[in-house]
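Peer 1: Quick one: the structure is below, questions incoming.
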Amino acid sequence: MAVELQETKVDRTIDARGSYCPGPLMELIRAIREARVGEVVEVLSSDTGSRRDIPKWCEKARHQFLGIVDEPGFARLVVRKAR
Amino acid sequence: MADRLSMVVFSGTVDKLFPVAIMASGAVAMEQEVNIFLTFWGLDAFRKGEPQTNMRISKDFEDKGQAIMALMQQKQVPSWYQTLKTAKELGNGNVKIHACAMTMDLMGMTKDDLDPIVDDVVGVGEFVEEAQKGKVTLFI
């Protein structure tokens with residue numbers, strides 16, 4: 001899973017490290033709106049709330065949550081714009 | 001946008017305006033409408049110039065106020081006002097901020113005295129009616 005994810009082509013990266021809840025989620029929403037359907041957006045986040053909020057948001061907003069890659073001190077949360 | 005979060009904002013201290021802005025953000029993210037009613041000190045905090053200069057902290061946490069404000073500044077946490085502005089912008093017209101007509105009259109204020117983030121001036125009846133369309137109303 002993680003290996004596949006690391007090989008997924010990312011179209012945009014948002015560096016929201018150091019930003020607190022709900023910052024990374026709000027930045028993701030903005031980026032997804034600007035992206036084209038099918039594009040992959042990743043958010044770099046050091047905020048623990050993002051790990052739960054972002055998958056929940058994807059469910060609600062009907063986008064595809066591709067997964068989390070843990071990095072030292074932060075996580076990459078990868079989302080595909082589905083509609 | 002079917003669900004709605006309503007908030008009566010009575011408090012005007014920064015520590016209470018933060019949850020208002022953050023709850024509004026969460027609701028916008030989860031595709032809910034936001035219906036905010038500013039009254040009394042909550043409305044006073046939205047006078048032109050106030051959001052940028054207000055440093056008040058609730059009396060009951062006065063001893064910790066300075067420390068938390070310094071910490072937030074050091075960690076570059078966006079202000080409650082900036083957070084609310086972002087929520088409003090991302091909410092695409094689904095975040096409404098209403099000023100309490102009674103407080104406006106009492107304090108001799110007009111719409112021009114308020115920060116432009118405030119949408120309009122309404123009576124409590126209209127707010128309560130609007131709030132009834134959602135399941136949750138918070139008093140902050």
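Starting from 1 in every chain, residues are counted up; chains themselves are A, B, ... following the order of the structure tokens, and ligands are numbered from 1 as listed.
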From stretch 9-114 of chain B, collect each residue whose DSSP state is helix (DSSP H, G or I) and return the set as a PDB file with N, CA, C and O atoms, in the first residue's frame.
Peer 2:
ATOM      1  N   VAL B  14     -10.732  36.892  22.806  1.00  0.00           N
ATOM      2  CA  VAL B  14     -10.048  36.143  21.747  1.00  0.00           C
ATOM      3  C   VAL B  14     -10.133  34.634  21.957  1.00  0.00           C
ATOM      4  O   VAL B  14     -10.336  33.873  21.018  1.00  0.00           O
ATOM      5  N   ASP B  15     -10.004  34.203  23.221  1.00  0.00           N
ATOM      6  CA  ASP B  15     -10.027  32.755  23.487  1.00  0.00           C
ATOM      7  C   ASP B  15     -11.371  32.126  23.149  1.00  0.00           C
ATOM      8  O   ASP B  15     -11.456  30.917  22.942  1.00  0.00           O
ATOM      9  N   LYS B  16     -12.432  32.932  23.106  1.00  0.00           N
ATOM     10  CA  LYS B  16     -13.740  32.377  22.734  1.00  0.00           C
ATOM     11  C   LYS B  16     -14.064  32.612  21.261  1.00  0.00           C
ATOM     12  O   LYS B  16     -14.870  31.889  20.682  1.00  0.00           O
ATOM     13  N   LEU B  17     -13.424  33.627  20.688  1.00  0.00           N
ATOM     14  CA  LEU B  17     -13.647  33.876  19.255  1.00  0.00           C
ATOM     15  C   LEU B  17     -12.917  32.824  18.425  1.00  0.00           C
ATOM     16  O   LEU B  17     -13.346  32.490  17.319  1.00  0.00           O
ATOM     17  N   PHE B  18     -11.849  32.270  18.989  1.00  0.00           N
ATOM     18  CA  PHE B  18     -11.141  31.193  18.287  1.00  0.00           C
ATOM     19  C   PHE B  18     -12.034  29.987  18.011  1.00  0.00           C
ATOM     20  O   PHE B  18     -12.151  29.563  16.855  1.00  0.00           O
ATOM     21  N   PRO B  19     -12.671  29.408  19.035  1.00  0.00           N
ATOM     22  CA  PRO B  19     -13.559  28.283  18.731  1.00  0.00           C
ATOM     23  C   PRO B  19     -14.684  28.631  17.749  1.00  0.00           C
ATOM     24  O   PRO B  19     -15.089  27.776  16.970  1.00  0.00           O
ATOM     25  N   VAL B  20     -15.144  29.859  17.773  1.00  0.00           N
ATOM     26  CA  VAL B  20     -16.178  30.257  16.801  1.00  0.00           C
ATOM     27  C   VAL B  20     -15.633  30.073  15.381  1.00  0.00           C
ATOM     28  O   VAL B  20     -16.267  29.451  14.520  1.00  0.00           O
ATOM     29  N   ALA B  21     -14.427  30.580  15.163  1.00  0.00           N
ATOM     30  CA  ALA B  21     -13.815  30.517  13.831  1.00  0.00           C
ATOM     31  C   ALA B  21     -13.481  29.085  13.439  1.00  0.00           C
ATOM     32  O   ALA B  21     -13.654  28.676  12.293  1.00  0.00           O
ATOM     33  N   ILE B  22     -13.025  28.307  14.406  1.00  0.00           N
ATOM     34  CA  ILE B  22     -12.611  26.929  14.106  1.00  0.00           C
ATOM     35  C   ILE B  22     -13.824  26.032  13.871  1.00  0.00           C
ATOM     36  O   ILE B  22     -13.836  25.226  12.936  1.00  0.00           O
ATOM     37  N   MET B  23     -14.861  26.200  14.685  1.00  0.00           N
ATOM     38  CA  MET B  23     -16.101  25.431  14.457  1.00  0.00           C
ATOM     39  C   MET B  23     -16.695  25.781  13.090  1.00  0.00           C
ATOM     40  O   MET B  23     -17.170  24.894  12.368  1.00  0.00           O
ATOM     41  N   ALA B  24     -16.656  27.068  12.759  1.00  0.00           N
ATOM     42  CA  ALA B  24     -17.169  27.486  11.446  1.00  0.00           C
ATOM     43  C   ALA B  24     -16.377  26.810  10.334  1.00  0.00           C
ATOM     44  O   ALA B  24     -16.957  26.338   9.344  1.00  0.00           O
ATOM     45  N   SER B  25     -15.064  26.710  10.502  1.00  0.00           N
ATOM     46  CA  SER B  25     -14.212  26.070   9.493  1.00  0.00           C
ATOM     47  C   SER B  25     -14.570  24.596   9.334  1.00  0.00           C
ATOM     48  O   SER B  25     -14.686  24.090   8.216  1.00  0.00           O
ATOM     49  N   GLY B  26     -14.728  23.920  10.465  1.00  0.00           N
ATOM     50  CA  GLY B  26     -15.082  22.499  10.432  1.00  0.00           C
ATOM     51  C   GLY B  26     -16.410  22.281   9.734  1.00  0.00           C
ATOM     52  O   GLY B  26     -16.559  21.356   8.920  1.00  0.00           O
ATOM     53  N   ALA B  27     -17.365  23.141  10.012  1.00  0.00           N
ATOM     54  CA  ALA B  27     -18.690  23.015   9.395  1.00  0.00           C
ATOM     55  C   ALA B  27     -18.603  23.243   7.887  1.00  0.00           C
ATOM     56  O   ALA B  27     -19.190  22.495   7.106  1.00  0.00           O
ATOM     57  N   VAL B  28     -17.834  24.240   7.478  1.00  0.00           N
ATOM     58  CA  VAL B  28     -17.657  24.512   6.045  1.00  0.00           C
ATOM     59  C   VAL B  28     -16.988  23.307   5.373  1.00  0.00           C
ATOM     60  O   VAL B  28     -17.422  22.859   4.311  1.00  0.00           O
ATOM     61  N   ALA B  29     -15.973  22.766   6.021  1.00  0.00           N
ATOM     62  CA  ALA B  29     -15.269  21.610   5.453  1.00  0.00           C
ATOM     63  C   ALA B  29     -16.245  20.449   5.253  1.00  0.00           C
ATOM     64  O   ALA B  29     -16.186  19.754   4.242  1.00  0.00           O
ATOM     65  N   TRP B  41     -21.046  41.450  23.636  1.00  0.00           N
ATOM     66  CA  TRP B  41     -19.582  41.571  23.500  1.00  0.00           C
ATOM     67  C   TRP B  41     -19.103  40.891  22.223  1.00  0.00           C
ATOM     68  O   TRP B  41     -18.074  41.285  21.660  1.00  0.00           O
ATOM     69  N   GLY B  42     -19.862  39.914  21.816  1.00  0.00           N
ATOM     70  CA  GLY B  42     -19.536  39.238  20.550  1.00  0.00           C
ATOM     71  C   GLY B  42     -19.655  40.193  19.377  1.00  0.00           C
ATOM     72  O   GLY B  42     -18.848  40.146  18.441  1.00  0.00           O
ATOM     73  N   LEU B  43     -20.627  41.071  19.428  1.00  0.00           N
ATOM     74  CA  LEU B  43     -20.790  42.056  18.359  1.00  0.00           C
ATOM     75  C   LEU B  43     -19.745  43.168  18.493  1.00  0.00           C
ATOM     76  O   LEU B  43     -19.167  43.619  17.502  1.00  0.00           O
ATOM     77  N   ASP B  44     -19.488  43.564  19.727  1.00  0.00           N
ATOM     78  CA  ASP B  44     -18.489  44.605  19.978  1.00  0.00           C
ATOM     79  C   ASP B  44     -17.131  44.212  19.373  1.00  0.00           C
ATOM     80  O   ASP B  44     -16.394  45.056  18.867  1.00  0.00           O
ATOM     81  N   GLU B  50     -11.566  46.385  15.570  1.00  0.00           N
ATOM     82  CA  GLU B  50     -11.482  45.520  16.755  1.00  0.00           C
ATOM     83  C   GLU B  50     -10.824  44.165  16.474  1.00  0.00           C
ATOM     84  O   GLU B  50      -9.966  43.731  17.235  1.00  0.00           O
ATOM     85  N   PRO B  51     -11.238  43.472  15.393  1.00  0.00           N
ATOM     86  CA  PRO B  51     -10.655  42.147  15.183  1.00  0.00           C
ATOM     87  C   PRO B  51      -9.129  42.176  15.099  1.00  0.00           C
ATOM     88  O   PRO B  51      -8.465  41.223  15.489  1.00  0.00           O
ATOM     89  N   GLN B  52      -8.580  43.275  14.617  1.00  0.00           N
ATOM     90  CA  GLN B  52      -7.131  43.369  14.432  1.00  0.00           C
ATOM     91  C   GLN B  52      -6.407  43.777  15.718  1.00  0.00           C
ATOM     92  O   GLN B  52      -5.190  43.597  15.812  1.00  0.00           O
ATOM     93  N   THR B  53      -7.130  44.338  16.681  1.00  0.00           N
ATOM     94  CA  THR B  53      -6.443  44.877  17.861  1.00  0.00           C
ATOM     95  C   THR B  53      -6.859  44.228  19.183  1.00  0.00           C
ATOM     96  O   THR B  53      -6.158  44.357  20.185  1.00  0.00           O
ATOM     97  N   LYS B  59     -11.701  36.382  31.762  1.00  0.00           N
ATOM     98  CA  LYS B  59     -11.240  36.685  33.125  1.00  0.00           C
ATOM     99  C   LYS B  59     -10.763  35.420  33.858  1.00  0.00           C
ATOM    100  O   LYS B  59      -9.779  35.450  34.587  1.00  0.00           O
ATOM    101  N   ASP B  60     -11.493  34.320  33.648  1.00  0.00           N
ATOM    102  CA  ASP B  60     -11.166  33.107  34.401  1.00  0.00           C
ATOM    103  C   ASP B  60      -9.846  32.466  33.966  1.00  0.00           C
ATOM    104  O   ASP B  60      -9.328  31.582  34.644  1.00  0.00           O
ATOM    105  N   PHE B  61      -9.305  32.888  32.840  1.00  0.00           N
ATOM    106  CA  PHE B  61      -8.006  32.353  32.417  1.00  0.00           C
ATOM    107  C   PHE B  61      -6.989  33.468  32.192  1.00  0.00           C
ATOM    108  O   PHE B  61      -6.022  33.305  31.465  1.00  0.00           O
ATOM    109  N   GLU B  62      -7.241  34.577  32.874  1.00  0.00           N
ATOM    110  CA  GLU B  62      -6.408  35.756  32.712  1.00  0.00           C
ATOM    111  C   GLU B  62      -4.930  35.465  32.976  1.00  0.00           C
ATOM    112  O   GLU B  62      -4.052  35.946  32.263  1.00  0.00           O
ATOM    113  N   ASP B  63      -4.688  34.628  34.001  1.00  0.00           N
ATOM    114  CA  ASP B  63      -3.295  34.331  34.383  1.00  0.00           C
ATOM    115  C   ASP B  63      -2.531  33.621  33.270  1.00  0.00           C
ATOM    116  O   ASP B  63      -1.309  33.699  33.200  1.00  0.00           O
ATOM    117  N   LYS B  64      -3.252  32.902  32.400  1.00  0.00           N
ATOM    118  CA  LYS B  64      -2.574  32.144  31.336  1.00  0.00           C
ATOM    119  C   LYS B  64      -2.631  32.848  29.987  1.00  0.00           C
ATOM    120  O   LYS B  64      -2.044  32.378  29.011  1.00  0.00           O
ATOM    121  N   GLY B  65      -3.366  33.956  29.964  1.00  0.00           N
ATOM    122  CA  GLY B  65      -3.616  34.662  28.705  1.00  0.00           C
ATOM    123  C   GLY B  65      -2.368  35.056  27.940  1.00  0.00           C
ATOM    124  O   GLY B  65      -2.211  34.717  26.771  1.00  0.00           O
ATOM    125  N   GLN B  66      -1.490  35.754  28.624  1.00  0.00           N
ATOM    126  CA  GLN B  66      -0.274  36.255  27.968  1.00  0.00           C
ATOM    127  C   GLN B  66       0.534  35.107  27.369  1.00  0.00           C
ATOM    128  O   GLN B  66       1.004  35.185  26.240  1.00  0.00           O
ATOM    129  N   ALA B  67       0.678  34.035  28.163  1.00  0.00           N
ATOM    130  CA  ALA B  67       1.504  32.900  27.747  1.00  0.00           C
ATOM    131  C   ALA B  67       0.935  32.245  26.488  1.00  0.00           C
ATOM    132  O   ALA B  67       1.671  31.956  25.538  1.00  0.00           O
ATOM    133  N   ILE B  68      -0.385  32.050  26.458  1.00  0.00           N
ATOM    134  CA  ILE B  68      -0.974  31.364  25.315  1.00  0.00           C
ATOM    135  C   ILE B  68      -0.927  32.250  24.066  1.00  0.00           C
ATOM    136  O   ILE B  68      -0.654  31.767  22.966  1.00  0.00           O
ATOM    137  N   MET B  69      -1.116  33.539  24.263  1.00  0.00           N
ATOM    138  CA  MET B  69      -1.051  34.469  23.125  1.00  0.00           C
ATOM    139  C   MET B  69       0.361  34.467  22.534  1.00  0.00           C
ATOM    140  O   MET B  69       0.532  34.455  21.312  1.00  0.00           O
ATOM    141  N   ALA B  70       1.361  34.464  23.418  1.00  0.00           N
ATOM    142  CA  ALA B  70       2.761  34.468  22.970  1.00  0.00           C
ATOM    143  C   ALA B  70       3.069  33.175  22.218  1.00  0.00           C
ATOM    144  O   ALA B  70       3.722  33.184  21.173  1.00  0.00           O
ATOM    145  N   LEU B  71       2.550  32.058  22.758  1.00  0.00           N
ATOM    146  CA  LEU B  71       2.782  30.755  22.145  1.00  0.00           C
ATOM    147  C   LEU B  71       2.172  30.696  20.742  1.00  0.00           C
ATOM    148  O   LEU B  71       2.779  30.210  19.786  1.00  0.00           O
ATOM    149  N   MET B  72       0.971  31.240  20.615  1.00  0.00           N
ATOM    150  CA  MET B  72       0.291  31.218  19.326  1.00  0.00           C
ATOM    151  C   MET B  72       1.016  32.093  18.304  1.00  0.00           C
ATOM    152  O   MET B  72       1.089  31.751  17.124  1.00  0.00           O
ATOM    153  N   GLN B  73       1.549  33.186  18.803  1.00  0.00           N
ATOM    154  CA  GLN B  73       2.292  34.086  17.924  1.00  0.00           C
ATOM    155  C   GLN B  73       3.585  33.407  17.454  1.00  0.00           C
ATOM    156  O   GLN B  73       3.916  33.419  16.276  1.00  0.00           O
ATOM    157  N   GLN B  74       4.235  32.759  18.413  1.00  0.00           N
ATOM    158  CA  GLN B  74       5.493  32.072  18.124  1.00  0.00           C
ATOM    159  C   GLN B  74       5.268  30.940  17.116  1.00  0.00           C
ATOM    160  O   GLN B  74       6.079  30.712  16.226  1.00  0.00           O
ATOM    161  N   TRP B  80      -7.963  34.357  14.902  1.00  0.00           N
ATOM    162  CA  TRP B  80      -9.349  33.865  14.784  1.00  0.00           C
ATOM    163  C   TRP B  80     -10.025  34.547  13.607  1.00  0.00           C
ATOM    164  O   TRP B  80     -10.819  33.929  12.894  1.00  0.00           O
ATOM    165  N   TYR B  81      -9.693  35.826  13.418  1.00  0.00           N
ATOM    166  CA  TYR B  81     -10.345  36.596  12.354  1.00  0.00           C
ATOM    167  C   TYR B  81      -9.950  36.053  10.980  1.00  0.00           C
ATOM    168  O   TYR B  81     -10.804  35.869  10.101  1.00  0.00           O
ATOM    169  N   GLN B  82      -8.656  35.786  10.813  1.00  0.00           N
ATOM    170  CA  GLN B  82      -8.188  35.230   9.539  1.00  0.00           C
ATOM    171  C   GLN B  82      -8.815  33.862   9.287  1.00  0.00           C
ATOM    172  O   GLN B  82      -9.200  33.524   8.165  1.00  0.00           O
ATOM    173  N   THR B  83      -8.931  33.066  10.353  1.00  0.00           N
ATOM    174  CA  THR B  83      -9.519  31.726  10.255  1.00  0.00           C
ATOM    175  C   THR B  83     -10.990  31.823   9.828  1.00  0.00           C
ATOM    176  O   THR B  83     -11.453  31.076   8.957  1.00  0.00           O
ATOM    177  N   LEU B  84     -11.691  32.772  10.412  1.00  0.00           N
ATOM    178  CA  LEU B  84     -13.106  32.959  10.074  1.00  0.00           C
ATOM    179  C   LEU B  84     -13.256  33.457   8.631  1.00  0.00           C
ATOM    180  O   LEU B  84     -14.147  33.024   7.895  1.00  0.00           O
ATOM    181  N   LYS B  85     -12.351  34.345   8.232  1.00  0.00           N
ATOM    182  CA  LYS B  85     -12.376  34.858   6.858  1.00  0.00           C
ATOM    183  C   LYS B  85     -12.165  33.746   5.839  1.00  0.00           C
ATOM    184  O   LYS B  85     -12.860  33.671   4.822  1.00  0.00           O
ATOM    185  N   THR B  86     -11.215  32.868   6.148  1.00  0.00           N
ATOM    186  CA  THR B  86     -10.945  31.720   5.271  1.00  0.00           C
ATOM    187  C   THR B  86     -12.172  30.821   5.183  1.00  0.00           C
ATOM    188  O   THR B  86     -12.554  30.380   4.094  1.00  0.00           O
ATOM    189  N   ALA B  87     -12.799  30.572   6.328  1.00  0.00           N
ATOM    190  CA  ALA B  87     -13.999  29.719   6.355  1.00  0.00           C
ATOM    191  C   ALA B  87     -15.092  30.342   5.488  1.00  0.00           C
ATOM    192  O   ALA B  87     -15.766  29.662   4.716  1.00  0.00           O
ATOM    193  N   LYS B  88     -15.222  31.658   5.597  1.00  0.00           N
ATOM    194  CA  LYS B  88     -16.267  32.341   4.853  1.00  0.00           C
ATOM    195  C   LYS B  88     -16.003  32.271   3.349  1.00  0.00           C
ATOM    196  O   LYS B  88     -16.912  32.032   2.548  1.00  0.00           O
ATOM    197  N   GLU B  89     -14.759  32.447   3.021  1.00  0.00           N
ATOM    198  CA  GLU B  89     -14.351  32.409   1.612  1.00  0.00           C
ATOM    199  C   GLU B  89     -14.572  31.001   1.025  1.00  0.00           C
ATOM    200  O   GLU B  89     -15.162  30.857  -0.045  1.00  0.00           O
ATOM    201  N   LEU B  90     -14.147  29.985   1.762  1.00  0.00           N
ATOM    202  CA  LEU B  90     -14.309  28.613   1.265  1.00  0.00           C
ATOM    203  C   LEU B  90     -15.772  28.171   1.318  1.00  0.00           C
ATOM    204  O   LEU B  90     -16.159  27.247   0.616  1.00  0.00           O
ATOM    205  N   ALA B 101     -29.698  43.152  16.093  1.00  0.00           N
ATOM    206  CA  ALA B 101     -30.293  44.486  15.936  1.00  0.00           C
ATOM    207  C   ALA B 101     -30.429  45.206  17.273  1.00  0.00           C
ATOM    208  O   ALA B 101     -30.168  46.411  17.379  1.00  0.00           O
ATOM    209  N   MET B 102     -30.776  44.452  18.299  1.00  0.00           N
ATOM    210  CA  MET B 102     -30.974  45.056  19.622  1.00  0.00           C
ATOM    211  C   MET B 102     -29.668  45.658  20.145  1.00  0.00           C
ATOM    212  O   MET B 102     -29.643  46.778  20.653  1.00  0.00           O
ATOM    213  N   THR B 103     -28.568  44.900  20.028  1.00  0.00           N
ATOM    214  CA  THR B 103     -27.258  45.401  20.490  1.00  0.00           C
ATOM    215  C   THR B 103     -26.845  46.639  19.693  1.00  0.00           C
ATOM    216  O   THR B 103     -26.310  47.598  20.257  1.00  0.00           O
ATOM    217  N   MET B 104     -27.114  46.603  18.394  1.00  0.00           N
ATOM    218  CA  MET B 104     -26.766  47.731  17.527  1.00  0.00           C
ATOM    219  C   MET B 104     -27.476  49.002  18.020  1.00  0.00           C
ATOM    220  O   MET B 104     -26.863  50.057  18.154  1.00  0.00           O
ATOM    221  N   ASP B 105     -28.762  48.852  18.294  1.00  0.00           N
ATOM    222  CA  ASP B 105     -29.556  49.992  18.764  1.00  0.00           C
ATOM    223  C   ASP B 105     -29.038  50.488  20.108  1.00  0.00           C
ATOM    224  O   ASP B 105     -28.828  51.681  20.319  1.00  0.00           O
ATOM    225  N   LEU B 106     -28.814  49.539  21.002  1.00  0.00           N
ATOM    226  CA  LEU B 106     -28.355  49.862  22.353  1.00  0.00           C
ATOM    227  C   LEU B 106     -27.029  50.626  22.327  1.00  0.00           C
ATOM    228  O   LEU B 106     -26.846  51.601  23.039  1.00  0.00           O
ATOM    229  N   LYS B 111     -24.523  49.638  10.568  1.00  0.00           N
ATOM    230  CA  LYS B 111     -23.791  48.615   9.810  1.00  0.00           C
ATOM    231  C   LYS B 111     -22.392  49.121   9.428  1.00  0.00           C
ATOM    232  O   LYS B 111     -21.436  48.344   9.383  1.00  0.00           O
ATOM    233  N   ASP B 112     -22.281  50.429   9.188  1.00  0.00           N
ATOM    234  CA  ASP B 112     -20.989  51.030   8.806  1.00  0.00           C
ATOM    235  C   ASP B 112     -19.937  50.962   9.906  1.00  0.00           C
ATOM    236  O   ASP B 112     -18.745  51.082   9.630  1.00  0.00           O
ATOM    237  N   ASP B 113     -20.387  50.791  11.147  1.00  0.00           N
ATOM    238  CA  ASP B 113     -19.433  50.706  12.257  1.00  0.00           C
ATOM    239  C   ASP B 113     -18.810  49.320  12.360  1.00  0.00           C
ATOM    240  O   ASP B 113     -17.881  49.102  13.126  1.00  0.00           O
TER     241      ASP B 113
END
Peer 1: Please identify every residue of chain A that has at least one atom no more than 7 Å from any atom of chain B, counting only C-alpha atoms, and report them as a list in words.
Peer 2: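 Close to chain B, chain A has Ser19, Tyr20, Pro22, Trp57 and Lys60 of chain A.
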Peer 1: Once you have the residues from the selection above, write them out as a short mmCIF file (atom, residue, chain, number, x, y, z; two decimals), in the first residue's frame, restricted to N, CA and C atoms.
Peer 2:
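So the final result, stored in out19.cif, reads:
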data_model
loop_
_atom_site.label_atom_id
_atom_site.label_comp_id
_atom_site.auth_asym_id
_atom_site.auth_seq_id
_atom_site.Cartn_x
_atom_site.Cartn_y
_atom_site.Cartn_z
N SER A 19 1.27 24.17 10.30
CA SER A 19 -0.06 24.77 10.38
C SER A 19 -0.94 23.87 11.25
N TYR A 20 -1.77 24.50 12.08
CA TYR A 20 -2.59 23.74 13.02
C TYR A 20 -4.01 23.55 12.50
N PRO A 22 -7.74 23.90 11.87
CA PRO A 22 -8.07 23.17 10.64
C PRO A 22 -7.26 23.61 9.42
N TRP A 57 -13.21 14.09 5.51
CA TRP A 57 -13.63 15.10 4.54
C TRP A 57 -13.78 14.47 3.15
N LYS A 60 -16.99 12.69 2.92
CA LYS A 60 -18.10 13.64 2.84
C LYS A 60 -18.15 14.34 1.47
#
Peer 1: I'd like to know which residues of chain A are strand (DSSP E or B) (by DSSP, run on the backbone); could you write them as a VMD selection string?
Peer 2: chain A and resid 12 to 15 40 to 45 64 to 71 74 to 80
Peer 1: If we count only C-alpha atoms and set the cut-off at 9 Å, which residues sit around A:Val41, ignoring sequence neighbours fewer than 6 positions away in its own chain? Please answer as a list in words.
Peer 2: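 Near neighbours after the sequence-gap exclusion: Val10, Asp11, Arg12, Thr13, Ile14, Leu28, Ala31, Ile32, Ala35, Leu77, Val78, Val79, Arg80 and Lys81 of chain A.
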Peer 1: One decimal, in Å: what's the spacing between atom CA of B:Phe46 and atom CA of A:Ile29?
Peer 2: 26.6 Å
